[in-house]
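Have a look at the structure below, then the notes.
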Amino acid sequence: DEDREVLCMEMARTGCVGQSFSSNLVPKEVSEHLEGPAFLVYYGPAFLQGLGNDVAVKRLSVLAEIYRCSREIWPASVAKAAVNVIIRIDMIKSLSVGDMQEATMQGDVWILVKHNDSEAFIERSSKKKLNKMIATQQAVQVLDLSCLVAYGV
């Protein structure tokens with residue numbers, strides 16, 4: 001499954017050269033090709049623990065999408081193996097996946113916005129605001145939450 005692969009790969013990166021998790025837990029591609037940056041999804045554990053009535057796989061899919069968007073903004077490279085980037089998900093940490101989907105049904109999008117070289121935030125945005133960001137060449141990625149529909153949100 002693509003989400004599982006993304007989560008395994010990204011969560012296996014430590015951001016510290018010479019440091020790794022147990023070899024039986026780390027995907028071979030990560031252990032053989034040390035690349036970075038590593039992502040720290042700030043409030044990631046809170047997002048997963050705040051399951052409520054959500055199905056766990058839905059939250060894991062959203063987390064995988066956050067990692068995918070982060071990797072688009074910060075492509076993996078050997079030169080960045082010792083670099084860490086903080087991905088702040090404050091905006092969604094206490095929302096249900098239904099709440100997130102509701103926002104998209106109201107016409108808004110969930111985006112990952114790069115604020116500086118080592119930090120990005122998940123934000124709710126109107127399409128008008130997103131277009132302004134694109135016009136000013138702000139580094140931004142739109143979260144694809146179509147995975148939630150596949151799981152019956």
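Labels for the structure tokens follow display order: chains A, B, ..., residues from 1 in each chain, ligands from 1.
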Backbone-only DSSP, helix (DSSP H, G or I) members of segment 12-81 of chain A, as a PyMOL selection string: chain A and resi 12+28-32+44-49+56-73+78-80
Members of segment 36-82 of chain A assigned strand (DSSP E) by DSSP, as a VMD selection string: chain A and resid 38 to 42
For Glu29 of chain A, which residue out of A:Arg13, A:His115, A:Lys80, A:Arg124 is the nearest one, using only C-alpha atoms?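 Using only C-alpha atoms, the shortest distance to Glu29 of chain A belongs to A:Arg13.
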Selection near Gln49 of chain A, 10 Å with only C-alpha atoms, sequence-local residues under 5 positions removed, as a list of chain:residue names: A:Tyr43, A:Gly44, A:Ala56, A:Arg59, A:Lys93, A:Ser94
Quick one: residues within 10 Å of Phe21 of chain A, only C-alpha atoms counted, chain neighbours fewer than 6 positions away excluded, as a VMD selection string? chain A and resid 11 to 14 31
Keeping N, CA and C atoms for every residue in the selection just given, could you write it to a file as a short mmCIF file (atom, residue, chain, number, x, y, z; two decimals), in the first residue's frame?
```cif
data_model
loop_
_atom_site.label_atom_id
_atom_site.label_comp_id
_atom_site.auth_asym_id
_atom_site.auth_seq_id
_atom_site.Cartn_x
_atom_site.Cartn_y
_atom_site.Cartn_z
N MET A 11 9.16 8.07 8.20
CA MET A 11 9.33 7.97 9.66
C MET A 11 10.64 7.26 10.03
N ALA A 12 11.28 6.63 9.06
CA ALA A 12 12.56 5.97 9.31
C ALA A 12 13.74 6.93 9.23
N ARG A 13 13.53 8.09 8.64
CA ARG A 13 14.62 9.08 8.52
C ARG A 13 14.81 9.77 9.87
N THR A 14 16.07 9.84 10.31
CA THR A 14 16.35 10.41 11.63
C THR A 14 16.83 11.85 11.57
N SER A 31 17.93 2.83 4.59
CA SER A 31 19.21 2.50 5.23
C SER A 31 20.37 2.50 4.24
#
```
Using only C-alpha atoms, find the one residue out of A:Ser70, A:Ser146, A:Gln19, A:Asn131 that sits nearest to Gln101 of chain A.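 The shortest atom-to-atom distance to Gln101 of chain A comes from A:Ser146.
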Leaving out Met133 of chain A and any residue of its chain fewer than 3 positions from it, which residues lie within 12 Å of it when counting only C-alpha atoms, given as number ranges by chain? A: 111-115, 125-130, 136-142
Atoms kept (all heavy atoms) for selection, written as a tab-separated table (two decimals), in the first residue's frame:
```tsv
chain	number	residue	atom	x	y	z
A	111	ILE	N	-3.80	23.09	2.79
A	111	ILE	CA	-2.52	23.26	2.12
A	111	ILE	C	-1.37	23.18	3.12
A	111	ILE	O	-1.54	23.43	4.31
A	111	ILE	CB	-2.45	24.60	1.36
A	111	ILE	CG1	-2.70	25.79	2.31
A	111	ILE	CG2	-3.44	24.61	0.20
A	111	ILE	CD1	-2.58	27.16	1.65
A	112	LEU	N	-0.22	22.80	2.59
A	112	LEU	CA	1.03	22.85	3.35
A	112	LEU	C	1.79	24.05	2.82
A	112	LEU	O	2.07	24.12	1.61
A	112	LEU	CB	1.83	21.56	3.16
A	112	LEU	CG	3.18	21.53	3.88
A	112	LEU	CD1	2.99	21.47	5.39
A	112	LEU	CD2	4.01	20.35	3.41
A	113	VAL	N	2.10	25.00	3.69
A	113	VAL	CA	2.76	26.24	3.30
A	113	VAL	C	4.14	26.31	3.92
A	113	VAL	O	4.29	26.23	5.14
A	113	VAL	CB	1.93	27.47	3.75
A	113	VAL	CG1	2.59	28.76	3.29
A	113	VAL	CG2	0.51	27.39	3.24
A	114	LYS	N	5.14	26.47	3.08
A	114	LYS	CA	6.51	26.64	3.57
A	114	LYS	C	6.67	28.05	4.11
A	114	LYS	O	6.43	29.02	3.40
A	114	LYS	CB	7.51	26.39	2.42
A	114	LYS	CG	8.95	26.53	2.83
A	114	LYS	CD	9.88	26.24	1.65
A	114	LYS	CE	11.32	26.40	2.01
A	114	LYS	NZ	12.20	26.13	0.85
A	115	HIS	N	7.07	28.15	5.38
A	115	HIS	CA	7.27	29.47	5.99
A	115	HIS	C	8.73	29.89	5.98
A	115	HIS	O	9.03	31.08	5.96
A	115	HIS	CB	6.71	29.48	7.42
A	115	HIS	CG	5.23	29.59	7.46
A	115	HIS	ND1	4.56	30.74	7.82
A	115	HIS	CD2	4.24	28.70	7.15
A	115	HIS	CE1	3.27	30.54	7.74
A	115	HIS	NE2	3.04	29.32	7.35
A	125	SER	N	-7.36	27.06	3.53
A	125	SER	CA	-7.26	28.21	2.64
A	125	SER	C	-8.43	28.24	1.66
A	125	SER	O	-8.89	27.21	1.19
A	125	SER	CB	-5.94	28.12	1.86
A	125	SER	OG	-5.85	29.15	0.90
A	126	SER	N	-8.82	29.45	1.34
A	126	SER	CA	-9.77	29.62	0.23
A	126	SER	C	-8.97	29.46	-1.07
A	126	SER	O	-7.75	29.59	-1.07
A	126	SER	CB	-10.40	31.01	0.28
A	126	SER	OG	-9.42	32.01	0.03
A	127	LYS	N	-9.67	29.21	-2.14
A	127	LYS	CA	-8.98	29.08	-3.43
A	127	LYS	C	-8.40	30.43	-3.86
A	127	LYS	O	-7.34	30.49	-4.47
A	127	LYS	CB	-9.93	28.51	-4.47
A	127	LYS	CG	-10.25	27.06	-4.18
A	127	LYS	CD	-11.25	26.48	-5.14
A	127	LYS	CE	-11.50	25.04	-4.74
A	127	LYS	NZ	-12.88	24.68	-4.72
A	128	LYS	N	-9.07	31.51	-3.49
A	128	LYS	CA	-8.57	32.85	-3.80
A	128	LYS	C	-7.23	33.10	-3.12
A	128	LYS	O	-6.28	33.58	-3.74
A	128	LYS	CB	-9.60	33.90	-3.36
A	128	LYS	CG	-9.25	35.32	-3.70
A	128	LYS	CD	-10.38	36.26	-3.28
A	128	LYS	CE	-10.06	37.68	-3.66
A	128	LYS	NZ	-11.15	38.61	-3.32
A	129	LYS	N	-7.15	32.76	-1.83
A	129	LYS	CA	-5.89	32.92	-1.08
A	129	LYS	C	-4.80	32.02	-1.67
A	129	LYS	O	-3.65	32.44	-1.81
A	129	LYS	CB	-6.12	32.59	0.39
A	129	LYS	CG	-4.89	32.73	1.26
A	129	LYS	CD	-5.20	32.38	2.71
A	129	LYS	CE	-3.93	32.31	3.54
A	129	LYS	NZ	-4.20	31.82	4.90
A	130	LEU	N	-5.17	30.79	-2.04
A	130	LEU	CA	-4.20	29.86	-2.64
A	130	LEU	C	-3.66	30.44	-3.94
A	130	LEU	O	-2.45	30.41	-4.19
A	130	LEU	CB	-4.86	28.51	-2.89
A	130	LEU	CG	-4.01	27.49	-3.65
A	130	LEU	CD1	-2.72	27.15	-2.91
A	130	LEU	CD2	-4.83	26.22	-3.91
A	136	THR	N	2.51	34.69	-6.02
A	136	THR	CA	3.71	35.26	-5.39
A	136	THR	C	4.82	34.22	-5.21
A	136	THR	O	5.79	34.47	-4.53
A	136	THR	CB	3.37	35.90	-4.03
A	136	THR	OG1	2.85	34.89	-3.16
A	136	THR	CG2	2.38	37.04	-4.19
A	137	GLN	N	4.63	33.06	-5.82
A	137	GLN	CA	5.60	31.97	-5.80
A	137	GLN	C	5.91	31.45	-4.39
A	137	GLN	O	7.01	31.01	-4.10
A	137	GLN	CB	6.88	32.36	-6.54
A	137	GLN	CG	6.62	32.66	-7.99
A	137	GLN	CD	7.87	32.99	-8.77
A	137	GLN	OE1	8.87	33.41	-8.22
A	137	GLN	NE2	7.80	32.79	-10.07
A	138	GLN	N	4.90	31.51	-3.54
A	138	GLN	CA	5.01	30.91	-2.20
A	138	GLN	C	5.06	29.40	-2.39
A	138	GLN	O	4.28	28.84	-3.16
A	138	GLN	CB	3.78	31.29	-1.37
A	138	GLN	CG	3.67	30.60	-0.05
A	138	GLN	CD	4.50	31.25	1.04
A	138	GLN	OE1	4.60	32.46	1.07
A	138	GLN	NE2	5.09	30.45	1.89
A	139	ALA	N	5.98	28.72	-1.70
A	139	ALA	CA	6.06	27.26	-1.78
A	139	ALA	C	4.86	26.68	-1.03
A	139	ALA	O	4.72	26.86	0.18
A	139	ALA	CB	7.37	26.77	-1.17
A	140	VAL	N	4.00	26.00	-1.76
A	140	VAL	CA	2.76	25.48	-1.20
A	140	VAL	C	2.38	24.19	-1.90
A	140	VAL	O	2.67	24.02	-3.09
A	140	VAL	CB	1.63	26.55	-1.31
A	140	VAL	CG1	1.34	26.89	-2.74
A	140	VAL	CG2	0.39	26.13	-0.58
A	141	GLN	N	1.76	23.29	-1.17
A	141	GLN	CA	1.23	22.05	-1.73
A	141	GLN	C	-0.19	21.87	-1.22
A	141	GLN	O	-0.47	22.09	-0.04
A	141	GLN	CB	2.07	20.84	-1.28
A	141	GLN	CG	3.41	20.72	-1.98
A	141	GLN	CD	3.25	20.26	-3.41
A	141	GLN	OE1	2.65	19.24	-3.69
A	141	GLN	NE2	3.82	21.03	-4.33
A	142	VAL	N	-1.08	21.44	-2.09
A	142	VAL	CA	-2.46	21.16	-1.71
A	142	VAL	C	-2.55	19.71	-1.27
A	142	VAL	O	-2.08	18.81	-1.98
A	142	VAL	CB	-3.43	21.42	-2.89
A	142	VAL	CG1	-4.86	21.05	-2.50
A	142	VAL	CG2	-3.36	22.87	-3.33
```
Point out the residue among A:Ala103, A:Ala76, A:Val55, A:Cys8 with the least atom-to-atom distance to Lys28 of chain A, counting only C-alpha atoms.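 With only C-alpha atoms as the atom set, the closest residue is A:Cys8.
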Point out the residue among A:Leu148, A:Arg68, A:Pro37, A:Ser77 with the least atom-to-atom distance to Asp117 of chain A, counting only C-alpha atoms. A:Pro37
